[in-house]
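**Q** Below is the file final-v1.cif, with mmCIF, C-alpha atoms and all ligand atoms.
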data_data
loop_
_atom_site.label_atom_id
_atom_site.label_comp_id
_atom_site.auth_asym_id
_atom_site.auth_seq_id
_atom_site.Cartn_x
_atom_site.Cartn_y
_atom_site.Cartn_z
CA MET A 1 -12.38 -35.53 151.83
CA GLN A 2 -8.67 -35.45 152.54
CA GLN A 3 -7.85 -36.08 148.88
CA ASP A 4 -10.16 -33.21 147.89
CA VAL A 5 -8.24 -30.90 150.21
CA LEU A 6 -4.91 -32.08 148.81
CA ASP A 7 -6.14 -31.53 145.25
CA ALA A 8 -7.42 -28.07 146.15
CA LEU A 9 -4.18 -26.93 147.73
CA SER A 10 -1.57 -28.61 145.54
CA LYS A 11 0.59 -26.65 143.13
CA GLN A 12 -0.40 -26.88 139.46
CA PRO A 13 2.44 -27.79 137.08
CA ASP A 14 1.90 -24.65 134.97
CA TRP A 15 1.81 -22.25 137.93
CA THR A 16 4.10 -19.23 137.71
CA PRO A 17 4.54 -16.65 140.48
CA ILE A 18 3.36 -13.09 140.04
CA SER A 19 6.25 -10.86 139.02
CA ARG A 20 7.86 -8.39 141.38
CA GLU A 21 6.93 -5.56 138.99
CA VAL A 22 3.23 -6.37 139.36
CA VAL A 23 3.50 -6.44 143.16
CA GLU A 24 5.34 -3.11 143.20
CA GLY A 25 2.71 -1.63 140.89
CA ILE A 26 0.01 -2.69 143.36
CA ARG A 27 2.02 -1.12 146.19
CA THR A 28 2.18 2.18 144.31
CA GLN A 29 -1.56 2.01 143.66
CA LEU A 30 -2.26 1.35 147.34
CA HIS A 31 -0.08 4.19 148.59
CA ASN A 32 -1.38 6.67 146.00
CA GLY A 33 -4.97 5.74 146.79
CA LEU A 34 -4.53 6.39 150.52
CA ALA A 35 -2.19 9.39 150.52
CA ASP A 36 -5.10 11.85 150.97
CA ILE A 37 -6.21 10.07 154.15
CA ALA A 38 -2.73 9.51 155.55
CA GLU A 39 -1.98 13.23 155.64
CA LYS A 40 -4.98 13.73 157.96
CA LEU A 41 -3.90 11.00 160.37
CA ASP A 42 -1.55 10.95 163.32
CA PRO A 43 0.56 7.88 164.27
CA GLN A 44 -0.81 8.24 167.82
CA ARG A 45 -4.35 7.80 166.46
CA ALA A 46 -3.58 5.49 163.59
CA LEU A 47 -6.17 3.75 161.46
CA TRP A 48 -6.16 -0.02 162.01
CA VAL A 49 -7.68 -2.04 159.20
CA SER A 50 -8.72 -5.68 159.43
CA LYS A 51 -10.70 -8.00 157.18
CA HIS A 52 -13.63 -7.78 159.60
CA LYS A 53 -13.74 -3.99 159.44
CA LEU A 54 -13.53 -3.99 155.65
CA THR A 55 -16.24 -6.63 155.32
CA THR A 56 -18.65 -4.89 157.65
CA VAL A 57 -18.07 -1.39 156.29
CA HIS A 58 -18.69 -2.64 152.74
CA GLY A 59 -21.86 -4.33 154.03
CA CYS A 60 -24.05 -2.23 156.31
CA GLU A 61 -22.32 0.88 157.70
CA ALA A 62 -24.67 1.14 160.69
CA HIS A 63 -23.87 -2.47 161.61
CA HIS A 64 -20.18 -1.73 161.25
CA MET A 65 -20.34 1.24 163.61
CA ALA A 66 -22.46 -0.66 166.15
CA GLY A 67 -20.00 -3.55 166.04
CA LEU A 68 -17.14 -1.25 167.08
CA THR A 69 -18.70 -0.79 170.51
CA ASP A 70 -21.48 -3.36 170.90
CA PHE A 71 -19.61 -6.63 170.25
CA ALA A 72 -20.32 -9.33 172.80
CA TRP A 73 -19.14 -12.92 172.95
CA THR A 74 -21.78 -15.63 172.79
CA VAL A 75 -21.57 -19.41 172.93
CA ASN A 76 -22.23 -19.38 169.20
CA ASN A 77 -19.59 -16.89 168.12
CA VAL A 78 -16.86 -18.10 170.49
CA LYS A 79 -16.86 -21.67 169.15
CA GLY A 80 -14.71 -20.65 166.16
CA THR A 81 -12.08 -19.30 168.56
CA VAL A 82 -12.09 -22.60 170.47
CA LEU A 83 -11.80 -24.52 167.19
CA HIS A 84 -8.80 -22.50 166.06
CA LYS A 85 -7.07 -23.04 169.39
CA ALA A 86 -7.80 -26.77 169.22
CA VAL A 87 -6.45 -27.00 165.67
CA GLU A 88 -3.30 -25.17 166.75
CA LEU A 89 -2.80 -27.60 169.63
CA GLY A 90 -3.71 -30.67 167.58
CA LEU A 91 -1.21 -29.82 164.86
CA ASN A 92 1.62 -29.75 167.37
CA TRP A 93 0.38 -32.60 169.56
CA GLN A 94 2.74 -35.51 170.19
CA GLY A 95 0.87 -38.82 169.98
CA ALA A 96 -2.71 -39.75 169.18
CA VAL A 97 -5.13 -36.85 168.91
CA ILE A 98 -8.48 -37.32 170.65
CA PRO A 99 -10.87 -34.49 169.72
CA ALA A 100 -12.56 -34.25 173.13
CA ASP A 101 -9.21 -34.06 174.92
CA ILE A 102 -7.81 -31.44 172.57
CA VAL A 103 -10.96 -29.31 172.90
CA ASP A 104 -10.86 -29.54 176.70
CA ILE A 105 -7.26 -28.33 176.74
CA ALA A 106 -8.13 -25.55 174.30
CA LEU A 107 -11.05 -24.45 176.49
CA ASN A 108 -8.91 -24.47 179.62
CA GLN A 109 -6.07 -22.54 177.99
CA LEU A 110 -8.43 -19.91 176.64
CA ALA A 111 -10.30 -19.59 179.95
CA ASP A 112 -7.02 -19.12 181.82
CA ASP A 113 -5.73 -16.53 179.37
CA ASP A 114 -6.83 -13.08 180.50
CA MET A 115 -5.12 -11.57 177.46
CA ALA A 116 -7.36 -13.52 175.06
CA SER A 117 -10.58 -11.53 174.78
CA ALA A 118 -12.64 -14.74 174.80
CA GLY A 119 -10.96 -15.92 178.02
CA PRO A 120 -13.08 -14.09 180.62
CA PHE A 121 -16.25 -15.00 178.68
CA ILE A 122 -15.42 -18.73 178.70
CA GLU A 123 -14.36 -18.54 182.33
CA GLN A 124 -17.76 -17.23 183.46
CA LEU A 125 -19.92 -19.71 181.49
CA SER A 126 -22.35 -21.83 183.46
CA PRO A 127 -21.74 -25.63 183.42
CA SER A 128 -24.55 -26.13 180.87
CA GLU A 129 -23.30 -23.33 178.59
CA ARG A 130 -19.77 -24.67 178.76
CA ALA A 131 -21.03 -28.18 177.95
CA GLN A 132 -22.89 -26.77 174.93
CA LEU A 133 -19.76 -24.94 173.76
CA ARG A 134 -17.64 -28.05 174.30
CA SER A 135 -20.06 -30.14 172.25
CA SER A 136 -20.05 -27.67 169.33
CA ALA A 137 -16.26 -27.36 169.39
CA ILE A 138 -15.75 -31.15 169.45
CA ASP A 139 -18.08 -31.45 166.46
CA LEU A 140 -16.11 -28.84 164.51
CA TYR A 141 -12.70 -30.19 165.51
CA THR A 142 -13.72 -33.73 164.56
CA LYS A 143 -14.81 -32.46 161.15
CA PHE A 144 -11.44 -30.76 160.70
CA ASP A 145 -9.58 -33.88 161.82
CA GLU A 146 -11.55 -36.06 159.41
CA SER A 147 -11.36 -33.82 156.37
CA PHE A 148 -7.89 -32.31 156.51
CA PRO A 149 -4.95 -34.52 155.62
CA PRO A 150 -2.17 -34.70 158.23
CA LEU A 151 -0.11 -31.54 157.73
CA LYS A 152 3.50 -32.48 156.98
CA ALA A 153 6.22 -30.33 158.54
CA SER A 154 7.75 -29.90 155.07
CA TRP A 155 4.59 -28.00 154.01
CA ARG A 156 5.57 -25.33 156.57
CA PRO A 157 2.12 -25.17 158.18
CA VAL A 158 1.56 -22.17 160.44
CA LEU A 159 -1.62 -21.61 162.42
CA GLU A 160 -3.05 -18.29 163.54
CA SER A 161 -0.38 -16.49 161.57
CA SER A 162 -0.44 -12.72 162.16
CA ALA A 163 0.81 -10.30 159.53
CA ARG A 164 0.89 -6.52 159.30
CA TYR A 165 1.68 -3.95 156.67
CA GLU A 166 2.41 -0.51 158.09
CA MET A 167 2.00 2.49 155.83
CA PHE A 168 2.82 6.19 156.04
CA GLY A 169 4.88 5.94 159.23
CA GLN A 170 2.31 3.68 160.94
CA ARG A 171 -0.59 6.06 160.22
CA ILE A 172 -2.43 3.29 158.38
CA ASN A 173 -1.89 -0.34 159.41
CA LEU A 174 -3.31 -3.34 157.58
CA SER A 175 -3.40 -6.42 159.78
CA THR A 176 -4.41 -10.04 159.23
CA ARG A 177 -4.49 -13.27 161.16
CA ALA A 178 -4.68 -16.29 158.88
CA ASP A 179 -6.15 -19.51 160.26
CA LEU A 180 -3.59 -21.60 158.39
CA THR A 181 -0.79 -20.91 155.94
CA LEU A 182 1.13 -23.52 153.99
CA GLY A 183 4.31 -23.10 151.99
CA ALA A 184 7.08 -20.54 151.77
CA PRO A 185 6.77 -16.85 150.78
CA GLY A 186 6.17 -16.62 147.07
CA SER A 187 4.13 -19.82 146.88
CA LYS A 188 2.11 -19.61 150.06
CA VAL A 189 -1.43 -20.95 150.37
CA ILE A 190 -3.66 -19.08 152.81
CA VAL A 191 -6.53 -21.08 154.28
CA ASP A 192 -9.53 -19.71 156.15
CA LEU A 193 -11.57 -22.26 158.11
CA LYS A 194 -15.29 -21.64 158.38
CA SER A 195 -17.62 -23.40 160.77
CA GLY A 196 -20.64 -22.59 158.57
CA ARG A 197 -21.37 -22.18 154.89
CA ILE A 198 -19.12 -20.26 152.54
CA GLN A 199 -20.39 -16.76 151.76
CA ALA A 200 -19.47 -14.30 149.02
CA SER A 201 -17.65 -12.01 151.47
CA HIS A 202 -15.20 -14.77 152.42
CA ARG A 203 -13.49 -14.48 149.03
CA GLU A 204 -13.01 -10.73 149.55
CA GLU A 205 -11.54 -11.34 152.98
CA LEU A 206 -8.91 -13.71 151.65
CA ARG A 207 -8.06 -11.31 148.85
CA PHE A 208 -7.27 -8.75 151.55
CA TYR A 209 -4.98 -11.33 153.17
CA ALA A 210 -3.25 -11.84 149.82
CA LEU A 211 -2.75 -8.10 149.46
CA VAL A 212 -1.19 -7.77 152.92
CA GLU A 213 1.07 -10.77 152.31
CA ALA A 214 2.21 -9.35 148.96
CA MET A 215 2.88 -5.92 150.44
CA ARG A 216 4.68 -7.32 153.49
CA THR A 217 6.94 -9.79 151.73
CA GLY A 218 7.05 -8.38 148.19
CA GLN A 219 5.77 -11.74 146.97
CA ALA A 220 2.14 -12.63 146.37
CA PRO A 221 0.79 -15.89 147.79
CA ARG A 222 -0.06 -18.65 145.33
CA ARG A 223 -3.58 -19.60 146.29
CA LEU A 224 -6.43 -18.73 148.65
CA ALA A 225 -8.82 -21.29 150.08
CA THR A 226 -11.94 -20.95 152.21
CA TYR A 227 -12.75 -24.30 153.74
CA SER A 228 -16.21 -25.01 155.13
CA LEU A 229 -16.13 -27.66 157.83
CA VAL A 230 -19.89 -28.18 157.69
CA THR A 231 -19.94 -28.93 153.94
CA ALA A 232 -16.38 -30.34 153.69
CA ARG A 233 -15.81 -28.13 150.64
CA ALA A 234 -13.08 -25.69 149.75
CA GLU A 235 -13.53 -22.67 147.55
CA VAL A 236 -10.15 -21.89 146.06
CA GLU A 237 -8.84 -19.00 144.06
CA ASP A 238 -5.42 -18.57 142.48
CA VAL A 239 -3.82 -15.25 143.25
CA THR A 240 -3.50 -13.38 139.98
CA GLU A 241 -2.81 -9.77 139.10
CA GLY A 242 -6.59 -9.37 138.72
CA VAL A 243 -7.15 -10.67 142.25
CA LEU A 244 -4.62 -8.21 143.66
CA GLN A 245 -6.19 -5.41 141.63
CA ALA A 246 -9.62 -6.24 143.04
CA ALA A 247 -8.17 -6.39 146.56
CA VAL A 248 -6.35 -3.08 146.35
CA ARG A 249 -9.42 -1.24 145.03
CA LYS A 250 -11.71 -2.75 147.64
CA THR A 251 -9.20 -1.92 150.38
CA ILE A 252 -8.75 1.70 149.27
CA ASP A 253 -12.52 2.19 149.03
CA GLY A 254 -13.08 0.52 152.40
CA ILE A 255 -10.45 2.62 154.17
CA HIS A 256 -12.04 5.79 152.79
CA LEU A 257 -15.37 4.62 154.22
CA LEU A 258 -13.75 3.79 157.58
CA PHE A 259 -12.20 7.24 157.72
CA GLU A 260 -15.44 9.04 156.81
CA LEU A 261 -17.41 7.15 159.45
CA GLN A 262 -14.91 6.92 162.30
CA ARG A 263 -13.01 10.20 161.94
CA ASP A 264 -15.26 12.54 159.94
CA ARG A 265 -18.33 11.28 161.83
CA ARG A 266 -20.41 10.89 158.69
CA GLU A 267 -23.86 9.42 159.37
CA PRO A 268 -23.77 5.68 158.51
CA THR A 269 -26.14 4.27 155.91
CA THR A 270 -28.04 1.01 156.33
CA ARG A 271 -27.99 -1.90 153.92
CA PRO A 272 -30.07 -4.90 154.99
CA GLY A 273 -28.79 -8.38 154.37
CA THR A 274 -27.68 -11.55 156.09
CA SER A 275 -25.79 -9.50 158.68
CA CYS A 276 -29.17 -8.33 160.09
CA LEU A 277 -29.42 -11.80 161.64
CA TRP A 278 -26.62 -11.13 164.12
CA CYS A 279 -26.63 -7.33 164.15
CA PRO A 280 -26.72 -5.71 167.62
CA LEU A 281 -29.23 -3.19 166.20
CA ALA A 282 -31.61 -5.88 164.92
CA THR A 283 -34.32 -5.07 167.46
CA SER A 284 -34.23 -1.29 166.94
CA CYS A 285 -33.33 -0.80 163.26
CA THR A 286 -36.51 -0.32 161.19
CA THR A 287 -34.79 -1.34 157.96
CA GLY A 288 -33.46 -4.53 159.51
CA ILE A 289 -36.77 -5.40 161.15
CA LYS A 290 -38.58 -5.09 157.80
CA TYR A 291 -35.90 -7.08 156.01
CA LEU A 292 -36.04 -9.92 158.52
CA ALA A 293 -39.86 -9.96 158.41
CA GLN A 294 -39.78 -10.26 154.63
CA ARG A 295 -37.09 -12.91 154.83
CA ASP A 296 -39.34 -14.98 157.07
CA ASP A 297 -42.39 -14.31 154.89
CA PRO A 298 -41.33 -13.74 151.25
CA ASP A 299 -44.95 -13.02 150.26
CA ALA A 300 -45.12 -9.97 152.52
CA VAL A 301 -44.99 -6.70 150.57
CA LEU A 302 -42.72 -4.29 152.40
CA ASP A 303 -40.90 -1.23 151.21
CA TYR A 304 -37.58 -0.20 152.69
S1 LIG B 1 -30.37 -4.54 161.34
FE1 LIG B 1 -29.58 -4.84 159.27
S2 LIG B 1 -29.95 -2.91 158.18
FE2 LIG B 1 -30.15 -2.51 160.38
S3 LIG B 1 -28.14 -1.82 161.04
FE3 LIG B 1 -28.21 -4.01 161.39
S4 LIG B 1 -27.37 -4.94 159.52
FE4 LIG B 1 -27.89 -2.81 159.05
#
The structure given in the file should be rewritten as structure tokens.
Ligand code: SF4

**A**
Amino acid sequence: MQQDVLDALSKQPDWTPISREVVEGIRTQLHNGLADIAEKLDPQRALWVSKHKLTTVHGCEAHHMAGLTDFAWTVNNVKGTVLHKAVELGLNWQGAVIPADIVDIALNQLADDDMASAGPFIEQLSPSERAQLRSSAIDLYTKFDESFPPLKASWRPVLESSARYEMFGQRINLSTRADLTLGAPGSKVIVDLKSGRIQASHREELRFYALVEAMRTGQAPRRLATYSLVTARAEVEDVTEGVLQAAVRKTIDGIHLLFELQRDRREPTTRPGTSCLWCPLATSCTTGIKYLAQRDDPDAVLDY
């Protein structure tokens, strides 16, 4: 497993970086594509754009809007946060790393941190819920520890790396938080760790990260990798001009949708899919209810 990861992330002998001209062309495209929105915005009420917002708005708009106000931590969705904290601690740990110990420290640090949004949720868990969360996090951390090769300092590993690209005097801000980056600007590899299976939207999310990195530093990253801990597989993509083109178009389209929904108050549309499974509207949305019923019983004939 560790060799697979090394093979997936290593630099190919024929790799050449994307030229500065291409990156600047993408920047012009991005700014031109958003100029109409920027002139309607105020820096005091700026538009903040994240991979999560872009993914949800390109999925089901009603789910996206509900998620802006109805998000709630659960034992299931907080385990990724605990994993990321544990990986961050484990990478910088002096001495032998014992998964259960690292996870306990991660849980305690998060619970004590009122500034981390997951902190108060972890703090109020019952003993049995906390034990369940601990068990899941140890499982995930152990998988990471087994499958990832030790990260050498010379690879410049950075965990939970935040990046931002501010546009139009901070009227539009693109922000990212990469699970793991390796390498220097211009040949960086951006890695997203997933506790479950890899989905099609994960590739789009990393392309957005590549776009922000290219705009922020003027140099595109080298490669993108989504790593599934449960399957011990990485899906990798080299960053090419085509990848940046796809990212900039998807980002411009997504920001237009965000603006229409959040600022122009356009009525959101529904688009059923996997996201119905964890949608806060799943018990009240007719479209989602029908979709989930058909998913459970493919022979059922339903129209929606
Ligand atoms: S239940 Fe499904 S279709 Fe309905 S709002 Fe949620 S994600 Fe959209």

**Q** For ligand LIG 1 (chain B), collect every residue having any atom at a distance of at most 10 Å from a ligand atom (counting only C-alpha atoms and all ligand atoms); output as an MDAnalysis selection string.

**A** chainID A and resid 56 59:67 268:292 304

**Q** By how many Å are CA of Ile172 (chain A) and CA of Ala46 (chain A) apart?

**A** 5.8 Å

**Q** Give me the residues near region 197-208 of chain A as a list in words, where near means some atom within 6 Å (using all atoms listed in the file) and where sequence neighbours in that chain fewer than 3 positions away do not count.

**A**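 Selected residues are Lys51, Leu211, Ser228 and Ala247 of chain A.
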
**Q** Could you check the closest approach to Ile138 (chain A) for each of A:Ala234, A:Leu83, A:Leu159, A:Leu125 and tell me which residue wins, using all atoms listed in the file?

**A**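 Among the listed residues, the smallest separation from Ile138 (chain A) belongs to A:Leu83.
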
**Q** So how many Å separate CA of Gln219 (chain A) and CA of Gly183 (chain A), to one decimal?

**A** 12.5 Å

**Q** So the first atom is CA of Asp253 (chain A) and the second is CA of Pro17 (chain A); what is the distance between them in Å, to one decimal place?

**A**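 We find that CA of Asp253 (chain A) and CA of Pro17 (chain A) lie 26.8 Å from each other.
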
**Q** Which of these, A:Ala214, A:Ile18, A:Ile98, A:Met115, has the shortest distance to Thr240 (chain A) once you count all atoms listed in the file?

**A**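 That would be A:Ile18, the residue with the smallest distance to Thr240 (chain A).
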
**Q** Considering all atoms listed in the file, state which residue in the set A:Lys85, A:Gly80, A:Gln44, A:Met167 is at the smallest distance from Asp113 (chain A).

**A**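 Of A:Lys85, A:Gly80, A:Gln44, A:Met167, the one nearest Asp113 (chain A) is A:Lys85, counting all atoms listed in the file.
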
**Q** Using all atoms listed in the file, which of the listed residues (A:Lys143, A:Lys53, A:Arg20, A:Lys152) sits closest to Ser195 (chain A)?

**A** A:Lys143

**Q** Is there a way to get, as an mmCIF file with C-alpha atoms, keeping the file's coordinate frame, all residues within 10 Å of the point (-16.2, -30.3, 155.8) in file coordinates, counting all atoms listed in the file?

**A**
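Output below, filename result02.cif:
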data_model
loop_
_atom_site.group_PDB
_atom_site.id
_atom_site.type_symbol
_atom_site.label_atom_id
_atom_site.label_comp_id
_atom_site.auth_asym_id
_atom_site.auth_seq_id
_atom_site.Cartn_x
_atom_site.Cartn_y
_atom_site.Cartn_z
ATOM 1 C CA MET A 1 -12.380 -35.530 151.830
ATOM 2 C CA GLN A 2 -8.670 -35.450 152.540
ATOM 3 C CA VAL A 5 -8.240 -30.900 150.210
ATOM 4 C CA LEU A 140 -16.110 -28.840 164.510
ATOM 5 C CA THR A 142 -13.720 -33.730 164.560
ATOM 6 C CA LYS A 143 -14.810 -32.460 161.150
ATOM 7 C CA PHE A 144 -11.440 -30.760 160.700
ATOM 8 C CA ASP A 145 -9.580 -33.880 161.820
ATOM 9 C CA GLU A 146 -11.550 -36.060 159.410
ATOM 10 C CA SER A 147 -11.360 -33.820 156.370
ATOM 11 C CA PHE A 148 -7.890 -32.310 156.510
ATOM 12 C CA LEU A 193 -11.570 -22.260 158.110
ATOM 13 C CA LYS A 194 -15.290 -21.640 158.380
ATOM 14 C CA SER A 195 -17.620 -23.400 160.770
ATOM 15 C CA GLY A 196 -20.640 -22.590 158.570
ATOM 16 C CA ARG A 197 -21.370 -22.180 154.890
ATOM 17 C CA TYR A 227 -12.750 -24.300 153.740
ATOM 18 C CA SER A 228 -16.210 -25.010 155.130
ATOM 19 C CA LEU A 229 -16.130 -27.660 157.830
ATOM 20 C CA VAL A 230 -19.890 -28.180 157.690
ATOM 21 C CA THR A 231 -19.940 -28.930 153.940
ATOM 22 C CA ALA A 232 -16.380 -30.340 153.690
ATOM 23 C CA ARG A 233 -15.810 -28.130 150.640
ATOM 24 C CA ALA A 234 -13.080 -25.690 149.750
#

**Q** Which is closer to Pro120 (chain A) than all the others in A:Ala86, A:Thr74, A:Val97, A:Val103, using only C-alpha atoms?

**A**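 When distances to Pro120 (chain A) are compared using only C-alpha atoms, the smallest one comes from A:Thr74.
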
**Q** As a list in words, please: the residues near Leu30 (chain A) (cut-off 10 Å, all atoms listed in the file, same-chain neighbours under 3 positions excluded).

**A**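 That gives Glu24, Gly25, Ile26, Arg27, Gly33, Leu34, Ala35, Met167, Leu211, Met215, Gln245, Ala247, Val248, Arg249, Thr251 and Ile252 of chain A.
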
**Q** In terms of the shortest atom-to-atom distance over all atoms listed in the file, which of A:Gln3, A:Ser175, A:Ser135, A:Ser10 is closest to Val189 (chain A)?

**A**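 Closest candidate: A:Ser10.
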
**Q** Residues within 12 Å of Thr217 (chain A), please, as a ChimeraX atom specification. Count all atoms listed in the file; anything in the same chain fewer than 5 positions from it doesn't count.

**A** /A:20,23-24,27,163-165,184-188,210-212

**Q** Keeping only C-alpha atoms, write the selected residues as an mmCIF file, keeping the file's coordinate frame.

**A**
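What follows is the written file out04.cif:
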data_model
loop_
_atom_site.group_PDB
_atom_site.id
_atom_site.type_symbol
_atom_site.label_atom_id
_atom_site.label_comp_id
_atom_site.auth_asym_id
_atom_site.auth_seq_id
_atom_site.Cartn_x
_atom_site.Cartn_y
_atom_site.Cartn_z
ATOM 1 C CA ARG A 20 7.860 -8.390 141.380
ATOM 2 C CA VAL A 23 3.500 -6.440 143.160
ATOM 3 C CA GLU A 24 5.340 -3.110 143.200
ATOM 4 C CA ARG A 27 2.020 -1.120 146.190
ATOM 5 C CA ALA A 163 0.810 -10.300 159.530
ATOM 6 C CA ARG A 164 0.890 -6.520 159.300
ATOM 7 C CA TYR A 165 1.680 -3.950 156.670
ATOM 8 C CA ALA A 184 7.080 -20.540 151.770
ATOM 9 C CA PRO A 185 6.770 -16.850 150.780
ATOM 10 C CA GLY A 186 6.170 -16.620 147.070
ATOM 11 C CA SER A 187 4.130 -19.820 146.880
ATOM 12 C CA LYS A 188 2.110 -19.610 150.060
ATOM 13 C CA ALA A 210 -3.250 -11.840 149.820
ATOM 14 C CA LEU A 211 -2.750 -8.100 149.460
ATOM 15 C CA VAL A 212 -1.190 -7.770 152.920
#

**Q** List the spatial neighbours of Asn76 (chain A) as an MDAnalysis selection string - criterion: any atom at most 10 Å away, only C-alpha atoms, same-chain residues fewer than 5 positions off excluded.

**A** chainID A and resid 132:133 136:137
